[in-house]
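For reference, final09.tsv (TSV, C-alpha atoms):
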chain	number	residue	atom	x	y	z
A	1	MET	CA	27.11	-2.30	5.85
A	2	VAL	CA	23.67	-3.73	5.15
A	3	ASN	CA	22.55	-4.95	1.74
A	4	PHE	CA	18.84	-5.07	1.04
A	5	THR	CA	16.96	-6.79	-1.74
A	6	ILE	CA	14.01	-4.78	-3.02
A	7	LEU	CA	11.36	-6.50	-5.12
A	8	ALA	CA	9.22	-4.25	-7.29
A	9	GLY	CA	5.88	-4.95	-8.96
A	10	GLY	CA	4.38	-3.03	-11.84
A	11	TYR	CA	2.14	-2.97	-14.89
A	12	THR	CA	4.26	-5.44	-16.83
A	13	SER	CA	4.50	-9.24	-16.89
A	14	TYR	CA	7.38	-9.47	-14.43
A	15	ILE	CA	8.57	-8.55	-10.94
A	16	ALA	CA	11.95	-6.82	-10.81
A	17	SER	CA	14.66	-7.20	-8.17
A	18	TYR	CA	17.16	-4.60	-6.97
A	19	MET	CA	20.00	-4.52	-4.44
A	20	PHE	CA	20.39	-1.47	-2.23
A	21	ASN	CA	23.74	-1.03	-0.51
A	22	SER	CA	23.20	1.29	2.47
A	23	GLU	CA	26.91	2.03	2.85
A	24	THR	CA	27.62	3.12	-0.72
A	25	ASN	CA	24.03	4.26	-1.45
A	26	ASN	CA	23.98	2.25	-4.68
A	27	LEU	CA	20.72	0.87	-6.04
A	28	THR	CA	21.52	-1.90	-8.53
A	29	TYR	CA	19.02	-3.52	-10.88
A	30	LEU	CA	19.47	-7.29	-10.61
A	31	ASN	CA	16.89	-9.20	-12.63
A	32	GLN	CA	13.26	-9.67	-13.61
A	33	TYR	CA	11.06	-12.72	-13.08
A	34	ILE	CA	8.12	-13.65	-15.30
A	35	THR	CA	4.67	-13.51	-13.71
A	36	GLY	CA	1.11	-13.28	-14.86
A	37	GLY	CA	0.07	-9.95	-16.33
A	38	ASN	CA	0.25	-6.77	-14.24
A	39	PRO	CA	1.67	-7.83	-10.86
A	40	SER	CA	0.93	-4.32	-9.63
A	41	TRP	CA	0.85	-5.16	-5.90
A	42	ILE	CA	3.25	-7.51	-4.11
A	43	ILE	CA	3.55	-8.53	-0.44
A	44	SER	CA	5.65	-10.84	1.68
A	45	HIS	CA	4.02	-13.62	3.65
A	46	PRO	CA	3.38	-12.15	7.15
A	47	THR	CA	5.88	-14.46	8.87
A	48	ASN	CA	7.86	-16.16	6.10
A	49	LYS	CA	9.89	-13.76	3.95
A	50	SER	CA	10.79	-16.57	1.55
A	51	ILE	CA	7.20	-16.45	0.22
A	52	LEU	CA	5.79	-13.67	-1.95
A	53	TYR	CA	2.24	-13.02	-3.11
A	54	ALA	CA	1.31	-10.85	-6.10
A	55	THR	CA	-1.88	-9.65	-7.71
A	56	ASN	CA	-2.46	-9.90	-11.45
A	57	GLU	CA	-4.43	-6.70	-12.02
A	58	ASN	CA	-6.02	-7.99	-15.20
A	59	VAL	CA	-9.42	-7.12	-16.68
A	60	PRO	CA	-11.84	-8.88	-16.70
A	61	VAL	CA	-10.25	-11.81	-14.83
A	62	GLY	CA	-7.82	-11.03	-12.04
A	63	ALA	CA	-5.58	-13.45	-10.19
A	64	LEU	CA	-3.43	-14.03	-7.11
A	65	GLN	CA	-0.04	-15.73	-7.44
A	66	SER	CA	2.44	-17.24	-4.98
A	67	PHE	CA	6.23	-17.43	-5.37
A	68	THR	CA	9.22	-18.75	-3.51
A	69	VAL	CA	11.92	-16.13	-2.89
A	70	GLY	CA	15.53	-17.20	-3.29
A	71	PRO	CA	18.88	-15.42	-2.99
A	72	GLU	CA	18.89	-11.84	-4.33
A	73	GLY	CA	15.11	-12.02	-4.72
A	74	ALA	CA	15.01	-14.80	-7.30
A	75	LEU	CA	11.36	-15.77	-7.76
A	76	THR	CA	9.80	-19.11	-8.71
A	77	LEU	CA	6.07	-19.22	-9.45
A	78	VAL	CA	4.21	-21.90	-7.50
A	79	ASP	CA	0.45	-21.35	-7.70
A	80	THR	CA	-2.23	-19.11	-9.24
A	81	ALA	CA	-5.84	-18.57	-8.11
A	82	TYR	CA	-8.78	-16.57	-9.50
A	83	SER	CA	-9.16	-13.32	-7.57
A	84	GLY	CA	-12.94	-13.41	-7.64
A	85	GLY	CA	-13.29	-10.45	-9.96
A	86	SER	CA	-11.66	-7.89	-12.21
A	87	GLY	CA	-8.62	-5.65	-11.84
A	88	PRO	CA	-7.33	-6.46	-8.32
A	89	PRO	CA	-4.96	-3.64	-7.25
A	90	TYR	CA	-4.17	-5.02	-3.78
A	91	CYS	CA	-3.67	-8.17	-1.75
A	92	GLY	CA	-2.99	-8.55	1.95
A	93	GLY	CA	-1.71	-11.52	3.93
A	94	LEU	CA	-3.69	-12.46	7.04
A	95	SER	CA	-2.33	-13.88	10.29
A	96	THR	CA	-4.52	-16.97	9.72
A	97	GLY	CA	-2.57	-17.93	6.58
A	98	GLN	CA	-5.28	-16.68	4.24
A	99	VAL	CA	-4.73	-14.00	1.59
A	100	ALA	CA	-7.28	-11.25	0.98
A	101	ILE	CA	-7.61	-9.62	-2.42
A	102	ALA	CA	-9.70	-6.60	-3.48
A	103	ASN	CA	-11.13	-6.38	-7.00
A	104	TYR	CA	-11.40	-2.73	-7.98
A	105	GLY	CA	-12.91	-3.37	-11.40
A	106	SER	CA	-15.83	-5.52	-10.24
A	107	GLY	CA	-16.64	-4.24	-6.75
A	108	THR	CA	-15.77	-7.54	-5.10
A	109	ALA	CA	-13.31	-9.06	-2.65
A	110	ARG	CA	-12.21	-12.57	-1.84
A	111	VAL	CA	-10.26	-14.22	0.96
A	112	ILE	CA	-8.33	-17.19	-0.38
A	113	PRO	CA	-7.19	-19.86	2.09
A	114	THR	CA	-3.91	-21.70	1.74
A	115	THR	CA	-3.30	-25.35	2.50
A	116	THR	CA	-0.78	-26.53	5.08
A	117	ASP	CA	1.68	-25.27	2.47
A	118	PRO	CA	1.29	-21.44	2.37
A	119	LEU	CA	2.33	-21.47	-1.29
A	120	GLN	CA	-0.72	-23.52	-2.31
A	121	PHE	CA	-4.14	-21.91	-2.58
A	122	SER	CA	-7.38	-23.66	-1.65
A	123	THR	CA	-10.32	-21.93	-3.35
A	124	ASN	CA	-13.06	-24.57	-3.05
A	125	ASP	CA	-14.71	-22.97	-0.02
A	126	SER	CA	-13.76	-19.36	-0.70
A	127	THR	CA	-16.72	-17.02	-1.12
A	128	ILE	CA	-16.74	-13.88	-3.25
A	129	VAL	CA	-18.01	-10.80	-1.41
A	130	THR	CA	-19.90	-8.34	-3.63
A	131	PHE	CA	-20.23	-4.77	-2.38
A	132	PRO	CA	-23.38	-2.75	-3.12
A	133	VAL	CA	-23.68	-0.13	-5.84
A	134	PRO	CA	-23.37	3.26	-4.10
A	135	THR	CA	-26.42	5.47	-3.75
A	136	THR	CA	-24.36	8.59	-2.97
A	137	GLY	CA	-21.01	9.99	-4.06
A	138	THR	CA	-19.70	10.57	-7.56
A	139	GLN	CA	-18.38	7.21	-8.77
A	140	GLY	CA	-21.56	5.19	-9.29
A	141	VAL	CA	-19.76	1.88	-8.73
A	142	SER	CA	-18.09	0.09	-5.86
A	143	GLU	CA	-14.28	0.41	-6.06
A	144	PRO	CA	-12.58	-1.57	-3.26
A	145	HIS	CA	-8.89	-0.73	-3.13
A	146	MET	CA	-7.23	-2.42	-0.13
A	147	ALA	CA	-7.54	-5.31	2.33
A	148	TYR	CA	-6.27	-4.58	5.86
A	149	GLN	CA	-6.47	-6.94	8.84
A	150	TYR	CA	-7.13	-5.42	12.25
A	151	GLY	CA	-7.72	-7.89	15.03
A	152	GLU	CA	-10.18	-10.46	13.74
A	153	GLU	CA	-11.70	-8.08	11.20
A	154	LEU	CA	-10.84	-7.43	7.57
A	155	LEU	CA	-11.19	-3.79	6.50
A	156	ILE	CA	-11.84	-2.85	2.85
A	157	PRO	CA	-11.69	0.85	1.85
A	158	ASP	CA	-14.16	1.38	-0.99
A	159	LYS	CA	-13.46	4.49	-3.08
A	160	GLY	CA	-16.80	4.32	-4.88
A	161	ASN	CA	-18.97	3.81	-1.80
A	162	ASP	CA	-17.11	6.25	0.48
A	163	LYS	CA	-17.00	3.56	3.14
A	164	ILE	CA	-14.59	1.23	4.85
A	165	TRP	CA	-16.29	-2.15	4.93
A	166	ARG	CA	-15.88	-4.36	8.00
A	167	LEU	CA	-15.74	-8.06	7.18
A	168	GLY	CA	-15.70	-11.04	9.49
A	169	GLN	CA	-15.06	-14.74	9.00
A	170	ASN	CA	-18.09	-17.00	9.18
A	171	GLY	CA	-16.80	-20.35	10.34
A	172	SER	CA	-14.47	-21.95	7.83
A	173	PRO	CA	-11.51	-20.20	6.17
A	174	GLY	CA	-12.43	-18.28	3.03
A	175	ASN	CA	-15.99	-17.64	4.17
A	176	PHE	CA	-16.24	-13.90	4.86
A	177	SER	CA	-19.12	-11.43	4.81
A	178	VAL	CA	-19.75	-7.75	5.54
A	179	HIS	CA	-20.86	-7.12	9.12
A	180	GLY	CA	-20.33	-3.38	9.34
A	181	GLN	CA	-18.94	-0.22	7.80
A	182	ILE	CA	-17.17	3.02	8.73
A	183	ALA	CA	-18.58	5.99	6.83
A	184	GLN	CA	-16.28	8.47	5.11
A	185	PRO	CA	-17.10	11.94	3.71
A	186	ILE	CA	-19.25	11.80	0.58
A	187	GLY	CA	-17.12	12.09	-2.55
A	188	SER	CA	-13.81	11.66	-0.68
A	189	GLY	CA	-12.86	8.28	-2.17
A	190	PRO	CA	-11.12	6.32	0.62
A	191	ARG	CA	-8.21	4.39	-0.88
A	192	HIS	CA	-5.72	3.10	1.73
A	193	ILE	CA	-5.62	3.01	5.53
A	194	GLN	CA	-3.30	2.49	8.46
A	195	ILE	CA	-4.21	1.96	12.11
A	196	TYR	CA	-1.88	3.10	14.89
A	197	GLU	CA	-2.77	2.99	18.59
A	198	ASN	CA	-6.40	2.26	17.72
A	199	GLN	CA	-6.69	5.34	15.53
A	200	LEU	CA	-7.65	5.11	11.88
A	201	TYR	CA	-5.69	7.07	9.27
A	202	THR	CA	-7.36	7.12	5.83
A	203	ILE	CA	-5.93	8.52	2.62
A	204	HIS	CA	-8.66	9.72	0.26
A	205	GLU	CA	-7.93	9.66	-3.46
A	206	LEU	CA	-10.72	11.87	-4.76
A	207	ALA	CA	-10.37	14.57	-2.10
A	208	SER	CA	-6.59	14.22	-1.63
A	209	THR	CA	-7.05	14.31	2.12
A	210	LEU	CA	-5.76	12.47	5.18
A	211	ILE	CA	-8.39	11.86	7.84
A	212	LEU	CA	-7.92	10.80	11.47
A	213	GLN	CA	-10.64	8.94	13.39
A	214	ASP	CA	-10.78	6.80	16.49
A	215	PHE	CA	-11.37	3.22	15.38
A	216	PRO	CA	-14.91	2.36	16.49
A	217	ALA	CA	-15.54	-0.80	18.43
A	218	TYR	CA	-17.74	-3.30	16.60
A	219	PRO	CA	-20.61	-3.00	15.74
A	220	ASN	CA	-20.45	0.82	15.62
A	221	PHE	CA	-20.75	2.06	12.04
A	222	SER	CA	-19.57	5.63	12.43
A	223	THR	CA	-17.00	7.63	14.31
A	224	PRO	CA	-16.41	11.40	14.27
A	225	LEU	CA	-13.69	12.92	12.12
A	226	ILE	CA	-11.03	14.15	14.53
A	227	SER	CA	-8.80	15.79	11.93
A	228	ASN	CA	-9.13	16.25	8.16
A	229	VAL	CA	-6.24	17.80	6.20
A	230	SER	CA	-5.22	18.21	2.57
A	231	THR	CA	-2.16	16.33	1.31
A	232	VAL	CA	-1.69	18.60	-1.73
A	233	PRO	CA	1.29	21.00	-1.83
A	234	ASN	CA	0.58	24.72	-1.76
A	235	TYR	CA	1.90	25.29	-5.26
A	236	GLN	CA	-0.28	23.60	-7.87
A	237	PRO	CA	0.65	24.07	-11.54
A	238	ALA	CA	-2.12	25.19	-13.89
A	239	GLY	CA	-3.76	22.05	-15.23
A	240	SER	CA	-2.73	19.87	-12.28
A	241	SER	CA	-5.07	17.22	-10.91
A	242	PHE	CA	-4.26	15.51	-7.64
A	243	ALA	CA	-5.19	12.03	-6.42
A	244	ALA	CA	-3.54	10.93	-3.17
A	245	ALA	CA	-2.50	7.29	-3.12
A	246	GLU	CA	-0.53	5.80	-0.22
A	247	VAL	CA	-0.16	6.23	3.54
A	248	LEU	CA	2.62	4.72	5.68
A	249	ILE	CA	3.29	4.90	9.44
A	250	PRO	CA	6.63	3.27	10.33
A	251	LEU	CA	6.69	2.15	13.95
A	252	PRO	CA	8.76	4.29	16.34
A	253	THR	CA	12.37	3.31	17.07
A	254	ALA	CA	15.19	4.81	19.12
A	255	GLU	CA	16.43	6.65	16.03
A	256	PHE	CA	12.93	7.63	14.88
A	257	PRO	CA	10.86	8.05	18.05
A	258	THR	CA	7.99	9.97	16.43
A	259	PRO	CA	5.45	7.98	14.37
A	260	TYR	CA	5.32	10.34	11.41
A	261	ILE	CA	2.70	9.70	8.72
A	262	TYR	CA	3.97	9.61	5.12
A	263	THR	CA	1.48	10.14	2.29
A	264	SER	CA	2.06	10.12	-1.45
A	265	ASN	CA	0.58	12.70	-3.78
A	266	ARG	CA	-0.14	11.91	-7.43
A	267	ASN	CA	-0.51	14.73	-9.90
A	268	THR	CA	-2.25	13.12	-12.87
A	269	GLY	CA	-2.41	16.40	-14.76
A	270	VAL	CA	0.25	18.95	-15.69
A	271	GLN	CA	3.38	18.04	-13.74
A	272	ASP	CA	5.44	20.24	-11.48
A	273	PRO	CA	9.03	19.99	-12.81
A	274	ARG	CA	10.08	18.98	-9.27
A	275	GLY	CA	7.78	15.96	-9.48
A	276	ASP	CA	5.21	14.79	-6.96
A	277	THR	CA	5.61	15.14	-3.22
A	278	ILE	CA	5.61	12.88	-0.22
A	279	ALA	CA	3.73	14.81	2.47
A	280	ILE	CA	4.85	14.16	6.06
A	281	PHE	CA	2.40	14.66	8.94
A	282	GLU	CA	2.47	14.35	12.71
A	283	ASN	CA	-0.41	13.63	15.05
A	284	VAL	CA	-0.13	16.43	17.61
A	285	ASP	CA	-2.80	16.13	20.31
A	286	ASN	CA	-5.18	14.50	17.83
A	287	GLN	CA	-4.59	17.11	15.14
A	288	LEU	CA	-2.80	16.21	11.91
A	289	VAL	CA	-0.03	18.75	11.39
A	290	LEU	CA	1.83	19.01	8.10
A	291	LYS	CA	5.58	18.92	8.80
A	292	ASN	CA	7.01	18.78	5.29
A	293	GLN	CA	6.34	18.42	1.58
A	294	VAL	CA	9.28	16.61	-0.02
A	295	TYR	CA	9.54	16.89	-3.80
A	296	THR	CA	10.69	13.57	-5.26
A	297	GLY	CA	11.13	14.05	-9.01
A	298	LEU	CA	8.69	11.14	-9.48
A	299	ASN	CA	5.52	11.16	-11.55
A	300	GLN	CA	2.40	9.72	-9.84
A	301	ILE	CA	3.66	7.83	-6.77
A	302	ARG	CA	1.17	4.97	-6.63
A	303	GLY	CA	3.08	2.85	-4.13
A	304	MET	CA	5.96	3.34	-1.72
A	305	MET	CA	7.28	1.25	1.17
A	306	HIS	CA	9.44	1.82	4.23
A	307	GLY	CA	12.40	-0.47	4.82
A	308	GLN	CA	11.29	-1.33	8.35
A	309	GLN	CA	9.73	-4.51	6.97
A	310	ALA	CA	13.28	-5.79	6.26
A	311	GLY	CA	14.28	-5.56	9.91
A	312	GLU	CA	17.28	-3.90	11.53
A	313	GLY	CA	18.83	-1.14	9.48
A	314	GLY	CA	15.90	-0.72	7.15
A	315	ASP	CA	13.83	1.73	9.17
A	316	ALA	CA	15.83	4.69	7.88
A	317	TYR	CA	14.67	4.23	4.28
A	318	ILE	CA	11.65	4.59	2.01
A	319	VAL	CA	11.56	3.33	-1.58
A	320	ALA	CA	9.22	4.91	-4.13
A	321	ALA	CA	8.60	5.11	-7.86
A	322	GLY	CA	6.16	6.67	-10.27
A	323	PHE	CA	3.33	5.05	-12.19
A	324	ALA	CA	4.25	7.31	-15.11
A	325	GLY	CA	7.33	9.08	-16.43
A	326	THR	CA	10.91	7.82	-16.63
A	327	ALA	CA	12.38	8.67	-13.20
A	328	GLY	CA	12.79	5.02	-12.20
A	329	VAL	CA	13.07	3.76	-8.62
A	330	LYS	CA	14.39	5.97	-5.82
A	331	VAL	CA	15.47	5.30	-2.25
A	332	PHE	CA	15.05	8.11	0.28
A	333	LYS	CA	16.68	8.28	3.71
A	334	ARG	CA	14.68	9.61	6.61
A	335	THR	CA	16.52	12.50	8.25
A	336	GLU	CA	15.92	14.93	11.13
A	337	GLY	CA	14.22	12.16	13.08
A	338	GLY	CA	11.98	11.33	10.14
A	339	VAL	CA	10.56	14.77	9.41
A	340	ASN	CA	12.56	15.05	6.18
A	341	LEU	CA	13.67	12.80	3.32
A	342	GLU	CA	16.95	12.81	1.40
A	343	GLU	CA	17.27	11.08	-1.96
A	344	VAL	CA	20.25	8.73	-1.63
A	345	ALA	CA	19.91	6.30	-4.56
A	346	VAL	CA	18.19	6.04	-7.92
A	347	ASN	CA	18.02	3.46	-10.70
A	348	THR	CA	16.37	4.29	-14.01
A	349	GLU	CA	16.78	0.99	-15.88
A	350	LEU	CA	13.03	0.46	-15.45
A	351	PRO	CA	11.09	3.72	-15.84
A	352	THR	CA	8.15	2.88	-13.56
A	353	ARG	CA	7.18	0.57	-10.69
A	354	THR	CA	4.10	0.48	-8.47
A	355	SER	CA	4.76	-1.57	-5.29
A	356	PHE	CA	7.69	-2.83	-3.24
A	357	VAL	CA	8.87	-5.46	-0.77
A	358	TRP	CA	12.07	-5.04	1.28
A	359	LEU	CA	14.19	-8.06	2.20
A	360	LYS	CA	17.49	-8.22	4.06
A	361	GLN	CA	20.20	-10.15	2.21

How does this structure look as structure tokens?
Amino acid sequence: MVNFTILAGGYTSYIASYMFNSETNNLTYLNQYITGGNPSWIISHPTNKSILYATNENVPVGALQSFTVGPEGALTLVDTAYSGGSGPPYCGGLSTGQVAIANYGSGTARVIPTTTDPLQFSTNDSTIVTFPVPTTGTQGVSEPHMAYQYGEELLIPDKGNDKIWRLGQNGSPGNFSVHGQIAQPIGSGPRHIQIYENQLYTIHELASTLILQDFPAYPNFSTPLISNVSTVPNYQPAGSSFAAAEVLIPLPTAEFPTPYIYTSNRNTGVQDPRGDTIAIFENVDNQLVLKNQVYTGLNQIRGMMHGQQAGEGGDAYIVAAGFAGTAGVKVFKRTEGGVNLEEVAVNTELPTRTSFVWLKQ
């Protein structure tokens, strides 16, 4: 038996904790811990699971917060720093000890150093990166939505600019600037990315597509689209409106040898009574092949997370919830080698959640 703690952020003023028992398939709501407003995205420190970072997706002044993590996910707030803009929906921990945060509402990003104590922020020398107003596309504003480290670069998908910005550090920690970009199809709205074996997988919110590209060596600005597929299920209710949100690629294991790609669909219009789907793809000879559309009963899956981040025993599971509705938090077990998902646990004490962190108890 393995017990997991699952922390869950959302558009509230707290982070919730759950316990998932993988033997009994029970998901138990434990507690909630007060935070700043709208801790919509939460992450563990890259190497220290007793530290948690959370955005405060507030308008017009966003923030980044740090917490200690105790038994059963008990959180204690330690420090808060200005995000460098408005409405940050995402933060990402860097291997250097810095924390990157994207500000969707102001078209900016910031990399915030920590002191020798990774719970304490040091913002004195941290620059705010402002992205240009787009000259093409449909949004008319820059809308950065993620911060992803790859090697020594920081990648920022920008939904408004239809680009993935390439940032590099200029000398001291916190001092970053744009030194390149990877173009995406006009009007596609790149939202989140994953990189596996030097190939770039991008989920596009406006087009509801998943695109595969080879990751171009710096300073190349463009790379051909190898494969471009829709994430939307075949059946679309009248009045539906889709906006893809998340992409995950759990690393292969003995039990799950194929690196399937899991993407979340969000129907922001008239709902299918079966809820939104998680679309499962496989890269077959550089072509993205849809393997399954799993209906979840959830409404607008903004964030989901695989349990592999908790270590041994967690790679069989994915946790997800809706941004809307009352379906609560659900845990799905990967079956058939990962090409299918089975709902094994649900807790509806909180109707919605938007991001997750897995921890082993």

Give me, please, the distance in Å between atom CA of A:Phe67 and atom CA of A:Phe4, quoted to one decimal.
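Going from atom CA of A:Phe67 over to atom CA of A:Phe4, I get 18.8 Å.
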
Contacts of A:Gly325 within 7 Å, all atoms listed in the file, excl. fewer than 2 positions in-chain, as number ranges by chain
A: 299, 322, 327, 351-352

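When all atoms listed in the file are used to compute distances to A:Leu210, the closest of the residues A:Val344, A:Leu119, A:Val289, A:Cys91 turns out to be A:Val289.
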
Can you tell me which residues surround A:Ala321 at a distance of at most 12 Å, considering all atoms listed in the file, apart from same-chain residues fewer than 3 positions away, and format the answer as a count of residues only?
42

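What separates atom CA of A:Gln236 from atom CA of A:Val294 is a distance of 14.2 Å.
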
Write out as a PyMOL selection string which residues come within 12 Å of A:Thr263 when counting only C-alpha atoms, dropping same-chain ones fewer than 3 positions away.
chain A and resi 191-194+201-205+208-211+229-233+243-250+260+266+276-282+290-294+301-306+318+320

Could you turn the residues from that selection into a file that holds C-alpha atoms, as a compact mmCIF listing (two decimals), in the frame of the given file?
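Wrote it out as again_14.txt, contents follow:
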# COMPACT_ATOMS: atom_id res chain seq x y z
CA ARG A 191 -8.21 4.39 -0.88
CA HIS A 192 -5.72 3.10 1.73
CA ILE A 193 -5.62 3.01 5.53
CA GLN A 194 -3.30 2.49 8.46
CA TYR A 201 -5.69 7.07 9.27
CA THR A 202 -7.36 7.12 5.83
CA ILE A 203 -5.93 8.52 2.62
CA HIS A 204 -8.66 9.72 0.26
CA GLU A 205 -7.93 9.66 -3.46
CA SER A 208 -6.59 14.22 -1.63
CA THR A 209 -7.05 14.31 2.12
CA LEU A 210 -5.76 12.47 5.18
CA ILE A 211 -8.39 11.86 7.84
CA VAL A 229 -6.24 17.80 6.20
CA SER A 230 -5.22 18.21 2.57
CA THR A 231 -2.16 16.33 1.31
CA VAL A 232 -1.69 18.60 -1.73
CA PRO A 233 1.29 21.00 -1.83
CA ALA A 243 -5.19 12.03 -6.42
CA ALA A 244 -3.54 10.93 -3.17
CA ALA A 245 -2.50 7.29 -3.12
CA GLU A 246 -0.53 5.80 -0.22
CA VAL A 247 -0.16 6.23 3.54
CA LEU A 248 2.62 4.72 5.68
CA ILE A 249 3.29 4.90 9.44
CA PRO A 250 6.63 3.27 10.33
CA TYR A 260 5.32 10.34 11.41
CA ARG A 266 -0.14 11.91 -7.43
CA ASP A 276 5.21 14.79 -6.96
CA THR A 277 5.61 15.14 -3.22
CA ILE A 278 5.61 12.88 -0.22
CA ALA A 279 3.73 14.81 2.47
CA ILE A 280 4.85 14.16 6.06
CA PHE A 281 2.40 14.66 8.94
CA GLU A 282 2.47 14.35 12.71
CA LEU A 290 1.83 19.01 8.10
CA LYS A 291 5.58 18.92 8.80
CA ASN A 292 7.01 18.78 5.29
CA GLN A 293 6.34 18.42 1.58
CA VAL A 294 9.28 16.61 -0.02
CA ILE A 301 3.66 7.83 -6.77
CA ARG A 302 1.17 4.97 -6.63
CA GLY A 303 3.08 2.85 -4.13
CA MET A 304 5.96 3.34 -1.72
CA MET A 305 7.28 1.25 1.17
CA HIS A 306 9.44 1.82 4.23
CA ILE A 318 11.65 4.59 2.01
CA ALA A 320 9.22 4.91 -4.13

Counting all atoms listed in the file, which residues come within 7 Å of (-23.2, -10.5, 0.7), with the point read in the file's coordinates, and could you list them as a VMD selection string?
chain A and resid 129 to 130 177 to 178

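You can rank A:Ser66, A:Val61, A:Phe215, A:Ala81 by their closest distance to A:Gly105 using all atoms listed in the file, and at the top of that list sits A:Val61.
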
Ranking A:Leu30, A:Ile156, A:Met19, A:Ala254 by minimum distance to A:Gly337 and counting only C-alpha atoms, which one comes first?
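Looking at the shortest contact to A:Gly337, the residue is A:Ala254.
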
Top pick for closest residue to A:Lys49, considering A:Pro185, A:Gly37, A:Gly93, A:Pro252 and counting all atoms listed in the file:
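Nearest to A:Lys49: A:Gly93.
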